[in-house]
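Reviewing the structure listed below.
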Amino acid sequence: MTDSFSRRGLIQLGLGGAAAGVLAPGQAGAQRPDSEKLGFAVVGLGKLALGQIVPGFLNCSSAKLAALVSGHPDKARALAAAQGLPVDAIYDYGNFDRIAHNPRIQIVYIALPNFLHAEYTIRALKAGKHVLCEKPMATSIADCEAMIAAAKAADRRLMIAYRCQYEPLNLEAMRRLRSGALGRPRLVVTDMGRQSDLAEPSDAWRLDMAKSGGGALADMGIYGVNASRYLLNEEPVEVRAWAQTNRSDPRFRTTEDLISWQFRFPSGAIGEGSTSFSYAGTMAYRVLCEHGRLVADPGAFYGGNRLTVEGTAGERQPKLPEIDQFAREMDWMADVVRGKAPLVSPGEEGLQDMRLMRAILDSVARGGATIRTDWGYRRAFDPAAVVGVPAPA
Ligand code: NAD
């Protein structure tokens, strides 16, 4: 479906806006009646699900909560009651496949630790459901490929939850760069990391290589890998990286801590990235162009992001709407399933980041050796061309 979603097809669907981009109906604020919203099953009731995803349905116009999947029956029952869900909307990991018989569920949102993404994505697809899967897509390239193949075999949509590709500040940054007003981008610098705490269960699995697939890089650095690609709208052809990891710190027994990498892009731009699980919380980037620069600091928080554009006509600090990023991507997914929005962040997007993160770790293991990364991947849709920015409230 992604490939057939041509510019022409978008125009036929009323989604082919001008260069300023387009809004999918769910994003345009058209509130559908509850009976027309698509039902989501949320799998894994951890920090993200409880803090962002479940509350996010309140702000959705096209999506609604339909079921919960958890290994903790008490937690699931209490949440279901609070959300007005019937008891038969609660599943556990053993009876999960029975979602196949629940017509109230159209989409499954995978919010589990990374090492479980592939298994539950594939089971959901086999149950005939569409899948919205959290980043990183999985813990290995082979798992990503198996997930993409399963979606194809089931003829279901698989979207990776790259919320920044649907977020106003990031979309504005992409459009400023695409407009050419700043000249050619020369250097993109992304810094994405935070302090980690082994005593936190949700960090314990992130610090375990087998469960996270890459520590800070897989959890936070992935935002920078992804951002450098969508900011430049091209793919790196080479990477080299090195790491500083204190192996006597009990947090870093199996994963790297501080990693710094360099991507070489075909346009001649260079992408520098850092990630760490031992520096203060940072999700920032800057793009240095021929005639100006663009700074997003923070650039990927849930809210309160700030964009500064220097050296160009237009607003220096454009006023951008604060939105519920999780509601927006769930609405987008619902509209993808309805055939009313393009699949901007499909499984292939997640696979590309997984390959690049592997290449970064390979380079680290080989003392900073240059690794070729020109695998021929091209994104199906430029978010800047197809995802709209709502007007400021
Ligand atoms: P978490 O540890 O808080 O939640 C994971 C849930 O999975 C818990 O409820 C846990 O009980 C359950 N679980 C089931 N089987 C498990 C097992 N075998 N081992 C461990 N837990 C198991 O993690 P989280 O912070 O909610 O992250 C979940 C996913 O969401 C991750 O993939 C993460 O990368 C992603 N995430 C994305 C964003 C974003 O901004 N898009 C933010 C945070 C997390």
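To be explicit about the labels: the chains of the structure tokens are called A, B, and onward in the order shown, and within each one the residues are counted from 1, while ligands get numbers from 1 in the order they are shown.
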Spatial neighbours of stretch 107-109 of chain A, 6 Å, only C-alpha atoms, chain gap at least 5 places, as a list in words: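 Once the adjacent positions are removed, what remains is Phe40, Ala41, Val42, Lys129, His130, Val131, Leu132 and Cys133 of chain A.
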Using only C-alpha atoms and all ligand atoms, determine which residues fall within 9 Å of ligand 1, then list them as a VMD selection string. chain A and resid 43 to 52 70 to 72 93 110 to 117 133 to 138 161 to 164 200 to 206 211 to 212 218 to 220 300 to 302 325 to 326
Looking only at the backbone, which of the residues in stretch 42-279 of chain A does DSSP tag as alpha helix (DSSP H), as JSON, numbers by chain? {"A": [47, 48, 54, 55, 56, 73, 74, 75, 76, 77, 78, 79, 80, 81, 82, 83, 117, 118, 119, 120, 121, 122, 123, 124, 125, 126, 141, 142, 143, 144, 145, 146, 147, 148, 149, 150, 151, 152, 153, 154, 168, 169, 170, 171, 172, 173, 174, 175, 176, 177, 178, 179, 201, 202, 203, 204, 209, 210, 211, 212, 215, 216, 222, 223, 224, 225, 226, 227, 228, 229, 230, 231, 232]}
Within 6 Å of stretch 274-287 of chain A using only C-alpha atoms, minus same-chain residues under 5 positions, as a ChimeraX atom specification: /A:187-196,216-217,221,257-260,293-300
Name all residues at most 8 Å from stretch 180-184 of chain A (count only C-alpha atoms; drop same-chain ones fewer than 4 positions away) and give them as a list in words.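 So, after excluding close chain neighbours, the residues are Arg176, Cys289, Glu290, His291, Gly292, Arg293, Gly311, Thr312 and Ala313 of chain A.
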Based on DSSP run over this structure's backbone, return all residues of stretch 24-149 of chain A in strand (DSSP E or B), as a ChimeraX atom specification. /A:38-43,63-69,90-91,107-110,130-133
Any chance you can output those residues with N, CA, C and O atoms as a PDB file, in the first residue's frame?
ATOM      1  N   LEU A  38     -11.311   3.984  15.276  1.00  0.00           N
ATOM      2  CA  LEU A  38     -10.724   2.644  15.224  1.00  0.00           C
ATOM      3  C   LEU A  38     -10.187   2.275  16.609  1.00  0.00           C
ATOM      4  O   LEU A  38      -9.602   3.114  17.308  1.00  0.00           O
ATOM      5  N   GLY A  39     -10.391   0.999  16.989  1.00  0.00           N
ATOM      6  CA  GLY A  39     -10.040   0.535  18.329  1.00  0.00           C
ATOM      7  C   GLY A  39      -8.601   0.030  18.414  1.00  0.00           C
ATOM      8  O   GLY A  39      -8.145  -0.733  17.567  1.00  0.00           O
ATOM      9  N   PHE A  40      -7.906   0.453  19.458  1.00  0.00           N
ATOM     10  CA  PHE A  40      -6.516   0.044  19.703  1.00  0.00           C
ATOM     11  C   PHE A  40      -6.458  -0.889  20.916  1.00  0.00           C
ATOM     12  O   PHE A  40      -7.100  -0.611  21.944  1.00  0.00           O
ATOM     13  N   ALA A  41      -5.640  -1.944  20.809  1.00  0.00           N
ATOM     14  CA  ALA A  41      -5.242  -2.729  21.986  1.00  0.00           C
ATOM     15  C   ALA A  41      -3.846  -2.270  22.362  1.00  0.00           C
ATOM     16  O   ALA A  41      -2.944  -2.238  21.505  1.00  0.00           O
ATOM     17  N   VAL A  42      -3.645  -1.885  23.613  1.00  0.00           N
ATOM     18  CA  VAL A  42      -2.317  -1.461  24.069  1.00  0.00           C
ATOM     19  C   VAL A  42      -1.645  -2.641  24.771  1.00  0.00           C
ATOM     20  O   VAL A  42      -2.204  -3.204  25.723  1.00  0.00           O
ATOM     21  N   VAL A  43      -0.452  -3.005  24.289  1.00  0.00           N
ATOM     22  CA  VAL A  43       0.251  -4.173  24.818  1.00  0.00           C
ATOM     23  C   VAL A  43       1.437  -3.723  25.671  1.00  0.00           C
ATOM     24  O   VAL A  43       2.376  -3.104  25.162  1.00  0.00           O
ATOM     25  N   ALA A  63      -9.023   7.643  16.830  1.00  0.00           N
ATOM     26  CA  ALA A  63      -8.611   6.400  17.492  1.00  0.00           C
ATOM     27  C   ALA A  63      -9.213   6.337  18.891  1.00  0.00           C
ATOM     28  O   ALA A  63      -9.449   7.362  19.516  1.00  0.00           O
ATOM     29  N   LYS A  64      -9.448   5.122  19.370  1.00  0.00           N
ATOM     30  CA  LYS A  64      -9.941   4.960  20.746  1.00  0.00           C
ATOM     31  C   LYS A  64      -9.331   3.707  21.365  1.00  0.00           C
ATOM     32  O   LYS A  64      -8.908   2.792  20.655  1.00  0.00           O
ATOM     33  N   LEU A  65      -9.312   3.693  22.685  1.00  0.00           N
ATOM     34  CA  LEU A  65      -8.801   2.528  23.410  1.00  0.00           C
ATOM     35  C   LEU A  65      -9.865   1.436  23.398  1.00  0.00           C
ATOM     36  O   LEU A  65     -11.023   1.693  23.739  1.00  0.00           O
ATOM     37  N   ALA A  66      -9.463   0.206  23.002  1.00  0.00           N
ATOM     38  CA  ALA A  66     -10.445  -0.886  22.926  1.00  0.00           C
ATOM     39  C   ALA A  66     -10.058  -2.076  23.785  1.00  0.00           C
ATOM     40  O   ALA A  66     -10.921  -2.884  24.134  1.00  0.00           O
ATOM     41  N   ALA A  67      -8.761  -2.234  24.115  1.00  0.00           N
ATOM     42  CA  ALA A  67      -8.350  -3.408  24.887  1.00  0.00           C
ATOM     43  C   ALA A  67      -6.990  -3.165  25.532  1.00  0.00           C
ATOM     44  O   ALA A  67      -6.232  -2.284  25.098  1.00  0.00           O
ATOM     45  N   LEU A  68      -6.713  -3.948  26.571  1.00  0.00           N
ATOM     46  CA  LEU A  68      -5.437  -3.863  27.290  1.00  0.00           C
ATOM     47  C   LEU A  68      -4.811  -5.244  27.331  1.00  0.00           C
ATOM     48  O   LEU A  68      -5.525  -6.247  27.510  1.00  0.00           O
ATOM     49  N   VAL A  69      -3.494  -5.304  27.198  1.00  0.00           N
ATOM     50  CA  VAL A  69      -2.783  -6.583  27.283  1.00  0.00           C
ATOM     51  C   VAL A  69      -1.697  -6.423  28.333  1.00  0.00           C
ATOM     52  O   VAL A  69      -0.823  -5.558  28.206  1.00  0.00           O
ATOM     53  N   ILE A  90      -9.748  -7.340  28.346  1.00  0.00           N
ATOM     54  CA  ILE A  90      -8.441  -7.514  28.998  1.00  0.00           C
ATOM     55  C   ILE A  90      -7.832  -8.843  28.541  1.00  0.00           C
ATOM     56  O   ILE A  90      -8.487  -9.887  28.609  1.00  0.00           O
ATOM     57  N   TYR A  91      -6.597  -8.785  28.103  1.00  0.00           N
ATOM     58  CA  TYR A  91      -5.872  -9.989  27.667  1.00  0.00           C
ATOM     59  C   TYR A  91      -4.574 -10.068  28.449  1.00  0.00           C
ATOM     60  O   TYR A  91      -4.086  -9.060  28.979  1.00  0.00           O
ATOM     61  N   ILE A 107      -6.287  -2.200  15.641  1.00  0.00           N
ATOM     62  CA  ILE A 107      -4.858  -1.857  15.661  1.00  0.00           C
ATOM     63  C   ILE A 107      -4.270  -2.251  17.014  1.00  0.00           C
ATOM     64  O   ILE A 107      -4.916  -2.063  18.058  1.00  0.00           O
ATOM     65  N   VAL A 108      -3.049  -2.782  16.999  1.00  0.00           N
ATOM     66  CA  VAL A 108      -2.366  -3.158  18.236  1.00  0.00           C
ATOM     67  C   VAL A 108      -1.166  -2.231  18.414  1.00  0.00           C
ATOM     68  O   VAL A 108      -0.364  -2.061  17.482  1.00  0.00           O
ATOM     69  N   TYR A 109      -1.061  -1.604  19.587  1.00  0.00           N
ATOM     70  CA  TYR A 109       0.045  -0.682  19.881  1.00  0.00           C
ATOM     71  C   TYR A 109       1.016  -1.422  20.803  1.00  0.00           C
ATOM     72  O   TYR A 109       0.697  -1.713  21.950  1.00  0.00           O
ATOM     73  N   ILE A 110       2.225  -1.715  20.290  1.00  0.00           N
ATOM     74  CA  ILE A 110       3.225  -2.483  21.042  1.00  0.00           C
ATOM     75  C   ILE A 110       4.075  -1.518  21.870  1.00  0.00           C
ATOM     76  O   ILE A 110       4.879  -0.751  21.330  1.00  0.00           O
ATOM     77  N   HIS A 130      -3.671  -4.594  12.480  1.00  0.00           N
ATOM     78  CA  HIS A 130      -2.613  -3.676  12.085  1.00  0.00           C
ATOM     79  C   HIS A 130      -1.779  -3.350  13.324  1.00  0.00           C
ATOM     80  O   HIS A 130      -2.281  -3.463  14.450  1.00  0.00           O
ATOM     81  N   VAL A 131      -0.520  -2.938  13.118  1.00  0.00           N
ATOM     82  CA  VAL A 131       0.370  -2.730  14.270  1.00  0.00           C
ATOM     83  C   VAL A 131       1.055  -1.363  14.229  1.00  0.00           C
ATOM     84  O   VAL A 131       1.621  -0.963  13.206  1.00  0.00           O
ATOM     85  N   LEU A 132       0.987  -0.681  15.369  1.00  0.00           N
ATOM     86  CA  LEU A 132       1.809   0.508  15.636  1.00  0.00           C
ATOM     87  C   LEU A 132       2.824   0.054  16.687  1.00  0.00           C
ATOM     88  O   LEU A 132       2.439  -0.319  17.800  1.00  0.00           O
ATOM     89  N   CYS A 133       4.112   0.034  16.322  1.00  0.00           N
ATOM     90  CA  CYS A 133       5.135  -0.513  17.219  1.00  0.00           C
ATOM     91  C   CYS A 133       6.087   0.584  17.679  1.00  0.00           C
ATOM     92  O   CYS A 133       6.556   1.390  16.871  1.00  0.00           O
TER      93      CYS A 133
END
Quick one: residues within 9 Å of A:Ala80, only C-alpha atoms, excluding same-chain residues fewer than 4 positions away - as a PyMOL selection string? chain A and resi 67-68+75-76+84-87+89-90
Could you write those residues out with all heavy atoms, as a PDB file, in the first residue's frame?
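After the write, selection39.pdb holds the following:
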ATOM      1  N   ALA A  67      -8.761  -2.234  24.115  1.00  0.00           N
ATOM      2  CA  ALA A  67      -8.350  -3.408  24.887  1.00  0.00           C
ATOM      3  C   ALA A  67      -6.990  -3.165  25.532  1.00  0.00           C
ATOM      4  O   ALA A  67      -6.232  -2.284  25.098  1.00  0.00           O
ATOM      5  CB  ALA A  67      -8.267  -4.636  23.973  1.00  0.00           C
ATOM      6  N   LEU A  68      -6.713  -3.948  26.571  1.00  0.00           N
ATOM      7  CA  LEU A  68      -5.437  -3.863  27.290  1.00  0.00           C
ATOM      8  C   LEU A  68      -4.811  -5.244  27.331  1.00  0.00           C
ATOM      9  O   LEU A  68      -5.525  -6.247  27.510  1.00  0.00           O
ATOM     10  CB  LEU A  68      -5.675  -3.386  28.728  1.00  0.00           C
ATOM     11  CG  LEU A  68      -6.360  -2.025  28.895  1.00  0.00           C
ATOM     12  CD1 LEU A  68      -6.753  -1.799  30.361  1.00  0.00           C
ATOM     13  CD2 LEU A  68      -5.425  -0.902  28.409  1.00  0.00           C
ATOM     14  N   LYS A  75      -3.605  -4.767  37.790  1.00  0.00           N
ATOM     15  CA  LYS A  75      -3.351  -3.468  37.144  1.00  0.00           C
ATOM     16  C   LYS A  75      -4.282  -3.301  35.937  1.00  0.00           C
ATOM     17  O   LYS A  75      -4.898  -2.244  35.748  1.00  0.00           O
ATOM     18  CB  LYS A  75      -1.878  -3.411  36.705  1.00  0.00           C
ATOM     19  CG  LYS A  75      -1.499  -2.134  36.012  1.00  0.00           C
ATOM     20  CD  LYS A  75       0.009  -1.867  35.961  1.00  0.00           C
ATOM     21  CE  LYS A  75       0.819  -2.872  35.194  1.00  0.00           C
ATOM     22  NZ  LYS A  75       2.214  -2.481  34.995  1.00  0.00           N
ATOM     23  N   ALA A  76      -4.393  -4.369  35.144  1.00  0.00           N
ATOM     24  CA  ALA A  76      -5.217  -4.288  33.929  1.00  0.00           C
ATOM     25  C   ALA A  76      -6.687  -4.073  34.294  1.00  0.00           C
ATOM     26  O   ALA A  76      -7.373  -3.252  33.665  1.00  0.00           O
ATOM     27  CB  ALA A  76      -5.047  -5.559  33.104  1.00  0.00           C
ATOM     28  N   GLY A  84     -13.435   2.603  31.402  1.00  0.00           N
ATOM     29  CA  GLY A  84     -14.764   2.199  30.928  1.00  0.00           C
ATOM     30  C   GLY A  84     -14.727   1.032  29.958  1.00  0.00           C
ATOM     31  O   GLY A  84     -15.621   0.874  29.114  1.00  0.00           O
ATOM     32  N   LEU A  85     -13.685   0.190  30.060  1.00  0.00           N
ATOM     33  CA  LEU A  85     -13.596  -0.980  29.174  1.00  0.00           C
ATOM     34  C   LEU A  85     -14.210  -2.193  29.859  1.00  0.00           C
ATOM     35  O   LEU A  85     -14.050  -2.379  31.076  1.00  0.00           O
ATOM     36  CB  LEU A  85     -12.130  -1.304  28.855  1.00  0.00           C
ATOM     37  CG  LEU A  85     -11.351  -0.344  27.974  1.00  0.00           C
ATOM     38  CD1 LEU A  85      -9.920  -0.843  27.806  1.00  0.00           C
ATOM     39  CD2 LEU A  85     -12.019  -0.195  26.609  1.00  0.00           C
ATOM     40  N   PRO A  86     -14.890  -3.068  29.111  1.00  0.00           N
ATOM     41  CA  PRO A  86     -15.444  -4.297  29.709  1.00  0.00           C
ATOM     42  C   PRO A  86     -14.335  -5.286  30.072  1.00  0.00           C
ATOM     43  O   PRO A  86     -13.218  -5.186  29.540  1.00  0.00           O
ATOM     44  CB  PRO A  86     -16.324  -4.863  28.590  1.00  0.00           C
ATOM     45  CG  PRO A  86     -15.752  -4.305  27.324  1.00  0.00           C
ATOM     46  CD  PRO A  86     -15.156  -2.971  27.665  1.00  0.00           C
ATOM     47  N   VAL A  87     -14.620  -6.242  30.949  1.00  0.00           N
ATOM     48  CA  VAL A  87     -13.571  -7.194  31.368  1.00  0.00           C
ATOM     49  C   VAL A  87     -13.107  -8.071  30.204  1.00  0.00           C
ATOM     50  O   VAL A  87     -11.957  -8.527  30.194  1.00  0.00           O
ATOM     51  CB  VAL A  87     -14.014  -8.084  32.556  1.00  0.00           C
ATOM     52  CG1 VAL A  87     -13.945  -7.334  33.859  1.00  0.00           C
ATOM     53  CG2 VAL A  87     -15.378  -8.683  32.337  1.00  0.00           C
ATOM     54  N   ALA A  89     -12.264  -7.115  27.512  1.00  0.00           N
ATOM     55  CA  ALA A  89     -11.283  -6.351  26.718  1.00  0.00           C
ATOM     56  C   ALA A  89      -9.891  -6.465  27.334  1.00  0.00           C
ATOM     57  O   ALA A  89      -8.963  -5.783  26.914  1.00  0.00           O
ATOM     58  CB  ALA A  89     -11.696  -4.883  26.643  1.00  0.00           C
ATOM     59  N   ILE A  90      -9.748  -7.340  28.346  1.00  0.00           N
ATOM     60  CA  ILE A  90      -8.441  -7.514  28.998  1.00  0.00           C
ATOM     61  C   ILE A  90      -7.832  -8.843  28.541  1.00  0.00           C
ATOM     62  O   ILE A  90      -8.487  -9.887  28.609  1.00  0.00           O
ATOM     63  CB  ILE A  90      -8.589  -7.529  30.533  1.00  0.00           C
ATOM     64  CG1 ILE A  90      -9.231  -6.215  31.008  1.00  0.00           C
ATOM     65  CG2 ILE A  90      -7.237  -7.744  31.204  1.00  0.00           C
ATOM     66  CD1 ILE A  90      -9.578  -6.222  32.483  1.00  0.00           C
TER      67      ILE A  90
END
Hey, what's within 12 Å of A:Lys126 if we count only C-alpha atoms and toss same-chain stuff fewer than 5 positions away? As number ranges by chain, please? A: 96-101, 108, 119-121, 131, 147, 149-157
Please produce a file of the residues just selected, as a tab-separated table (two decimals), in the first residue's frame, where the atoms kept are C-alpha atoms.
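What ended up in part_32.tsv:
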chain	number	residue	atom	x	y	z
A	96	PHE	CA	-3.13	-12.61	23.47
A	97	ASP	CA	-3.82	-14.40	20.18
A	98	ARG	CA	-7.54	-14.38	21.01
A	99	ILE	CA	-7.60	-10.72	19.95
A	100	ALA	CA	-8.20	-12.25	16.49
A	101	HIS	CA	-11.81	-12.83	17.56
A	108	VAL	CA	-2.37	-3.16	18.24
A	119	GLU	CA	7.16	-11.51	18.81
A	120	TYR	CA	4.05	-9.47	19.66
A	121	THR	CA	4.03	-7.58	16.37
A	131	VAL	CA	0.37	-2.73	14.27
A	147	MET	CA	8.16	-8.10	11.08
A	149	ALA	CA	7.55	-9.87	5.99
A	150	ALA	CA	4.74	-10.73	8.44
A	151	ALA	CA	2.93	-7.46	7.66
A	152	LYS	CA	3.22	-8.18	3.97
A	153	ALA	CA	2.00	-11.76	4.35
A	154	ALA	CA	-0.98	-10.62	6.42
A	155	ASP	CA	-1.64	-7.59	4.19
A	156	ARG	CA	-1.76	-5.39	7.30
A	157	ARG	CA	-0.11	-2.02	7.98
If I take atom CA of A:Ala365 and atom CA of A:Gly214, how far is one from the other in Å, to one decimal?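 A separation of 12.8 Å between them.
Residues in contact with A:Glu234 at 12 Å, where only C-alpha atoms are counted and same-chain residues fewer than 5 positions away are skipped, are listed as A:Met174, A:Arg178, A:Pro185, A:Val225, A:Asn226, A:Ala227, A:Ser228, A:Arg229, A:Phe263, A:Arg264, A:Phe265, A:Pro266, A:Ser267, A:Gly268, A:Ala269, A:Ile270, A:Gly271, A:Gln352, A:Asp374, A:Gly376, A:Tyr377, A:Arg378, A:Arg379, A:Ala380, A:Phe381, A:Asp382.
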So how far away is atom CA of A:Gly347 from atom CA of A:Ile160, in Å? 6.0 Å
When you draw a straight line from atom CA of A:Ala173 to atom CA of A:Glu349, how long is it in Å?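 So the two atoms, atom CA of A:Ala173 and atom CA of A:Glu349, lie 19.4 Å apart.
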Return the single residue from A:Gly56, A:Glu167, A:Glu256, A:Tyr230 that is closest to A:Met209, with distances computed using only C-alpha atoms.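 The answer is A:Glu256, which sits nearest to A:Met209.
Residue nearest A:Ala359, chosen from A:Ile323, A:Leu198, A:Ala241, A:Ala210 and counting only C-alpha atoms: A:Ala241.
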Best match for closeness to A:Val364 among A:Leu232, A:Ala243, A:Val54, A:Val386, counting only C-alpha atoms: A:Ala243
